[in-house]
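Peer 1: Following this line is upload_33.cif, made up of mmCIF, C-alpha atoms and all ligand atoms:
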data_coords
#
loop_
_atom_site.label_atom_id
_atom_site.label_comp_id
_atom_site.auth_asym_id
_atom_site.auth_seq_id
_atom_site.Cartn_x
_atom_site.Cartn_y
_atom_site.Cartn_z
CA MET A 1 0.00 0.00 0.00
CA ALA A 2 1.41 3.40 -1.00
CA LEU A 3 2.13 5.79 1.84
CA TYR A 4 1.36 9.50 1.75
CA ARG A 5 2.37 12.51 3.79
CA LEU A 6 0.23 15.60 4.21
CA ILE A 7 1.42 18.80 5.87
CA TYR A 8 -0.77 21.83 6.51
CA VAL A 9 -0.80 24.99 8.54
CA SER A 10 -3.82 26.68 10.14
CA GLN A 11 -4.71 29.39 12.58
CA ALA A 12 -6.34 28.70 15.95
CA ILE A 13 -9.52 30.63 16.66
CA ALA A 14 -9.31 33.37 19.28
CA GLY A 15 -9.89 32.01 22.76
CA LEU A 16 -8.75 28.45 22.08
CA ASN A 17 -7.83 27.09 25.48
CA TYR A 18 -5.97 24.17 27.02
CA ALA A 19 -9.15 22.07 27.29
CA ASP A 20 -9.70 22.45 23.51
CA LEU A 21 -6.12 21.38 22.83
CA LYS A 22 -6.45 18.42 25.16
CA ASP A 23 -9.64 17.36 23.40
CA ILE A 24 -7.98 17.66 19.97
CA MET A 25 -5.01 15.60 21.17
CA ASN A 26 -7.16 12.87 22.70
CA LYS A 27 -9.43 12.59 19.64
CA SER A 28 -6.45 12.60 17.29
CA GLU A 29 -4.59 9.86 19.14
CA LEU A 30 -7.65 7.65 19.30
CA ASN A 31 -8.88 8.16 15.73
CA ASN A 32 -5.42 8.06 14.14
CA ARG A 33 -4.43 4.85 15.92
CA GLN A 34 -7.57 3.17 14.58
CA ALA A 35 -6.96 4.55 11.07
CA GLY A 36 -3.23 3.68 10.93
CA ILE A 37 -2.18 7.33 10.79
CA THR A 38 1.03 8.60 12.34
CA GLY A 39 2.17 12.19 12.65
CA MET A 40 2.76 15.24 14.70
CA LEU A 41 0.85 18.38 15.62
CA SER A 42 2.68 21.47 16.80
CA PHE A 43 0.93 24.49 18.25
CA GLY A 44 2.32 27.88 19.19
CA ASP A 45 1.65 31.60 18.78
CA SER A 46 -1.93 30.71 17.70
CA MET A 47 -0.74 28.60 14.76
CA PHE A 48 -0.99 24.87 14.08
CA LEU A 49 1.44 22.91 11.92
CA GLN A 50 0.52 19.27 11.44
CA VAL A 51 1.91 16.33 9.49
CA LEU A 52 -0.19 13.23 8.78
CA GLU A 53 1.19 9.96 7.34
CA GLY A 54 -0.74 6.94 6.14
CA SER A 55 -2.65 5.58 3.16
CA ARG A 56 -3.94 8.18 0.72
CA ARG A 57 -7.52 7.39 1.59
CA VAL A 58 -7.27 7.71 5.37
CA VAL A 59 -5.02 10.76 5.23
CA SER A 60 -7.49 12.47 2.87
CA GLN A 61 -10.49 11.50 5.01
CA THR A 62 -8.81 12.74 8.17
CA TYR A 63 -7.72 16.02 6.58
CA ASN A 64 -11.22 16.63 5.22
CA ARG A 65 -12.63 16.09 8.72
CA ILE A 66 -10.02 18.38 10.30
CA LEU A 67 -10.90 21.14 7.82
CA LEU A 68 -14.49 21.16 9.13
CA ASP A 69 -13.32 21.77 12.70
CA LYS A 70 -14.40 25.22 13.93
CA ARG A 71 -11.49 25.44 16.37
CA HIS A 72 -9.16 26.57 13.60
CA THR A 73 -9.37 28.49 10.36
CA ASN A 74 -7.42 29.56 7.25
CA ALA A 75 -5.93 26.10 6.66
CA GLU A 76 -3.30 26.01 3.93
CA LEU A 77 -1.97 22.81 2.43
CA ILE A 78 1.84 22.83 2.41
CA GLU A 79 2.52 19.36 0.99
CA PHE A 80 0.75 16.19 -0.09
CA SER A 81 3.07 13.58 -1.57
CA GLU A 82 3.87 9.89 -1.79
CA ILE A 83 6.63 8.82 0.61
CA GLU A 84 8.89 5.78 0.97
CA HIS A 85 8.63 5.50 4.73
CA ARG A 86 7.10 7.16 7.76
CA ASP A 87 9.10 9.71 9.78
CA PHE A 88 6.82 9.70 12.81
CA THR A 89 6.42 5.95 13.20
CA ILE A 90 5.90 5.75 16.94
CA TRP A 91 3.17 8.37 17.28
CA SER A 92 -0.44 8.20 16.20
CA MET A 93 -0.27 11.92 16.92
CA LYS A 94 2.49 13.54 18.93
CA ALA A 95 1.21 16.95 20.03
CA VAL A 96 3.73 19.58 21.01
CA GLN A 97 2.90 22.97 22.46
CA LEU A 98 5.68 25.39 21.57
CA ASP A 99 6.61 27.37 24.64
CA ASN A 100 9.22 30.02 25.35
CA GLN A 101 12.06 27.65 26.20
CA PRO A 102 15.21 29.07 24.55
CA ALA A 103 15.87 25.74 22.78
CA ILE A 104 12.43 25.83 21.17
CA ARG A 105 12.63 29.49 20.15
CA GLU A 106 16.04 28.81 18.61
CA ILE A 107 14.55 26.09 16.40
CA ILE A 108 11.70 28.44 15.41
CA LEU A 109 14.19 31.19 14.57
CA LYS A 110 16.07 28.81 12.28
CA TYR A 111 12.96 28.44 10.11
CA SER A 112 11.33 31.87 10.44
CA ALA A 113 12.25 35.52 10.13
CA SER A 114 11.62 36.01 13.86
CA SER A 115 11.25 33.84 16.96
CA THR A 116 7.45 33.97 16.55
CA PHE A 117 6.18 30.68 15.16
CA SER A 118 5.05 31.45 11.60
CA PRO A 119 4.73 28.12 9.73
CA VAL A 120 2.69 29.76 6.97
CA SER A 121 5.94 30.99 5.45
CA MET A 122 7.58 27.53 5.48
CA THR A 123 8.02 25.26 2.47
CA GLY A 124 7.22 21.54 2.69
CA LYS A 125 10.90 20.72 3.18
CA GLN A 126 11.35 23.35 5.87
CA SER A 127 8.26 22.33 7.81
CA LEU A 128 9.32 18.68 7.77
CA SER A 129 12.84 19.56 8.97
CA PHE A 130 11.32 21.79 11.64
CA LEU A 131 9.07 18.99 12.93
CA ARG A 132 11.96 16.49 12.87
CA GLU A 133 14.08 18.86 14.95
CA LEU A 134 11.23 19.25 17.42
CA ILE A 135 11.00 15.48 17.76
CA ASP A 136 14.68 15.30 18.69
CA THR A 137 14.17 18.01 21.30
CA TYR A 138 11.12 16.37 22.86
CA ARG A 139 12.24 12.75 22.57
P1 LIG B 1 -16.79 14.36 17.46
O1 LIG B 1 -15.72 14.54 18.46
O2 LIG B 1 -18.07 13.75 17.91
O3 LIG B 1 -16.98 15.68 16.67
C1 LIG B 1 -18.05 15.88 15.76
C2 LIG B 1 -17.90 17.24 15.11
O4 LIG B 1 -17.88 18.32 16.06
C3 LIG B 1 -16.64 17.38 14.29
O5 LIG B 1 -16.95 18.04 13.09
C4 LIG B 1 -15.73 18.26 15.14
O6 LIG B 1 -14.86 19.00 14.30
C5 LIG B 1 -16.72 19.11 15.91
N1 LIG B 1 -16.22 19.44 17.27
C6 LIG B 1 -15.96 18.55 18.25
N2 LIG B 1 -15.60 19.19 19.38
C7 LIG B 1 -15.64 20.53 19.09
C8 LIG B 1 -15.41 21.69 19.83
N3 LIG B 1 -15.03 21.64 21.13
N4 LIG B 1 -15.55 22.89 19.23
C9 LIG B 1 -15.92 22.97 17.94
N5 LIG B 1 -16.19 21.90 17.17
C10 LIG B 1 -16.05 20.68 17.74
N6 LIG B 1 -8.81 14.48 14.45
C11 LIG B 1 -8.27 13.32 14.08
O7 LIG B 1 -8.95 12.31 14.06
N7 LIG B 1 -6.95 13.24 13.77
C12 LIG B 1 -6.12 14.32 13.75
O8 LIG B 1 -4.92 14.19 13.46
C13 LIG B 1 -6.67 15.58 14.11
N8 LIG B 1 -5.94 16.71 14.11
C14 LIG B 1 -6.53 17.90 14.37
C15 LIG B 1 -5.77 19.06 14.31
C16 LIG B 1 -6.36 20.31 14.54
C17 LIG B 1 -5.53 21.55 14.42
C18 LIG B 1 -7.73 20.38 14.90
C19 LIG B 1 -8.35 21.71 15.18
C20 LIG B 1 -8.48 19.22 15.00
C21 LIG B 1 -7.89 17.98 14.75
N9 LIG B 1 -8.62 16.80 14.84
C22 LIG B 1 -8.06 15.62 14.47
C23 LIG B 1 -10.00 16.80 15.34
C24 LIG B 1 -10.97 16.73 14.17
O9 LIG B 1 -11.11 17.99 13.58
C25 LIG B 1 -12.33 16.24 14.66
O10 LIG B 1 -12.77 17.03 15.73
C26 LIG B 1 -12.31 14.81 15.13
O11 LIG B 1 -11.57 14.00 14.26
C27 LIG B 1 -13.76 14.33 15.17
O12 LIG B 1 -13.78 13.26 16.03
P2 LIG B 1 -15.09 12.36 16.13
O13 LIG B 1 -15.25 11.68 14.83
O14 LIG B 1 -14.92 11.50 17.33
O15 LIG B 1 -16.30 13.36 16.25
#
Translate this file's structure into structure tokens.
Peer 2:
Amino acid sequence: MALYRLIYVSQAIAGLNYADLKDIMNKSELNNRQAGITGMLSFGDSMFLQVLEGSRRVVSQTYNRILLDKRHTNAELIEFSEIEHRDFTIWSMKAVQLDNQPAIREIILKYSASSTFSPVSMTGKQSLSFLRELIDTYR
């Protein structure tokens, strides 16, 4: 079965709180495990950057469902491509909240014009490298 990777960026609605994030994380882990999806969701400075890996059908279905979610808006697809292998094998959805730790802000600065998380300006390659670096930091 061919594997696909989808990366998108979106903006959290004003007033999104920790309970919303917790709910998104719990739902994602449960649904993605059942669907055979792996990936990572990063959140910071009101922006989401998420990567989903799995079969084309389940990744598309999941993305279509995510797009309907009123807790975020202005979703932009960064990449959707066939891949040889998964990068996020051990997580059905690893969620990372980007805080003000210097190590995290340094990674953000490497991929943005400022230390404010702005994934909307990242290319597919940059966003994947960014997420891989985050994994190493949080592992
Ligand atoms: P329910 O939880 O019963 O939800 C039914 C509907 O209500 C859905 O349309 C849902 O979007 C909406 N909804 C539920 N709770 C709220 C709320 N508090 N406020 C507003 N609307 C609400 N889901 C995944 O399965 N995998 C993912 O990787 C994933 N990533 C996500 C990333 C982001 C940035 C966001 C915002 C959501 C993500 N979700 C993900 C959640 C997804 O959008 C759906 O909420 C979830 O998949 C629906 O789960 P369910 O089928 O159990 O339906």
Peer 1: For each of A:Ser115, A:Ser92, A:Thr73, A:Gln101, take the minimum atom-to-atom distance to Tyr8 (chain A), counting only C-alpha atoms, then give the residue where this is smallest.
Peer 2: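 With only C-alpha atoms as the atom set, the closest residue is A:Thr73.
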Peer 1: For Glu76 (chain A), which residue among A:Glu133, A:Ser10, A:Tyr111, A:Thr123 is the nearest when counting all atoms listed in the file?
Peer 2: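 Under the stated criterion, the closest residue is A:Ser10.
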Peer 1: Which residues of region 81-130 of chain A sit at most 12 Å from region 48-55 of chain A, using all atoms listed in the file? Give each one's shortest atom pair and distance in Å (one decimal place), in chain and ascending residue order, as a tab-separated table.
Peer 2:
residue	atom	partner	partner_atom	distance
A:Ser81	CA	A:Glu53	CA	9.8
A:Glu82	CA	A:Ser55	CA	9.3
A:Ile83	CA	A:Glu53	CA	8.7
A:Glu84	CA	A:Glu53	CA	10.8
A:His85	CA	A:Glu53	CA	9.1
A:Arg86	CA	A:Glu53	CA	6.6
A:Asp87	CA	A:Glu53	CA	8.3
A:Phe88	CA	A:Glu53	CA	7.9
A:Thr89	CA	A:Glu53	CA	8.8
A:Ile90	CA	A:Glu53	CA	11.5
A:Trp91	CA	A:Glu53	CA	10.3
A:Ser92	CA	A:Leu52	CA	9.0
A:Met93	CA	A:Leu52	CA	8.2
A:Lys94	CA	A:Gln50	CA	9.6
A:Ala95	CA	A:Gln50	CA	8.9
A:Val96	CA	A:Phe48	CA	9.9
A:Gln97	CA	A:Phe48	CA	9.4
A:Leu98	CA	A:Phe48	CA	10.0
A:Phe117	CA	A:Phe48	CA	9.3
A:Ser118	CA	A:Phe48	CA	9.3
A:Pro119	CA	A:Leu49	CA	6.5
A:Val120	CA	A:Leu49	CA	8.5
A:Ser121	CA	A:Leu49	CA	11.3
A:Met122	CA	A:Leu49	CA	10.0
A:Thr123	CA	A:Leu49	CA	11.8
A:Gly124	CA	A:Val51	CA	10.1
A:Lys125	CA	A:Val51	CA	11.8
A:Gln126	CA	A:Leu49	CA	11.6
A:Ser127	CA	A:Leu49	CA	8.0
A:Leu128	CA	A:Val51	CA	8.0
A:Ser129	CA	A:Val51	CA	11.4
A:Phe130	CA	A:Leu49	CA	9.9
Peer 1: In Å, how far is it from atom N4 of ligand LIG 1 (chain B) to CA of Thr38 (chain A)?
Peer 2: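 Atom N4 of ligand LIG 1 (chain B) sits 22.9 Å away from CA of Thr38 (chain A).
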Peer 1: For ligand LIG 1 (chain B), which of A:Ile66, A:Glu29, A:Glu79, A:Val9 is the closest residue, counting only C-alpha atoms and all ligand atoms?
Peer 2: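 Checking each candidate against ligand LIG 1 (chain B), we get A:Ile66 as the closest.
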Peer 1: Hey, what's within 9 Å of Thr62 (chain A) if we count all atoms listed in the file and toss same-chain stuff fewer than 4 positions away? As a PyMOL selection string, please?
Peer 2: chain A and resi 31-32+35+37+52+57-58+66-67
Peer 1: If we count only C-alpha atoms, what is near Asn64 (chain A) at a cut-off of 12 Å, once residues fewer than 4 positions away on the same chain are taken out, given as an MDAnalysis selection string?
Peer 2: chainID A and resid 6 8 57:60 68:69 75 77
Peer 1: Which value, in Å to one decimal, gives the distance between CA of Met40 (chain A) and atom O3 of ligand LIG 1 (chain B)?
Peer 2: 19.8 Å
Peer 1: What does the distance between atom C7 of ligand LIG 1 (chain B) and CA of Gln11 (chain A) come to in Å, to one decimal place?
Peer 2: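 The value is 15.5 Å.
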Peer 1: Which is closest to Arg71 (chain A) among A:Ile13, A:Ala103, A:Met47, A:Leu41, if we use all atoms listed in the file?
Peer 2: A:Ile13
Peer 1: For region 75-92 of chain A, take all atoms listed in the file, fit an axis-aligned box around them, add 5 Å to each of the six sides, then output centre and edge lengths in Å rounded to one decimal, as lines of an AutoDock Vina configuration file.
Peer 2:
center_x = 1.6
center_y = 15.8
center_z = 7.7
size_x = 25.0
size_y = 30.6
size_z = 29.1
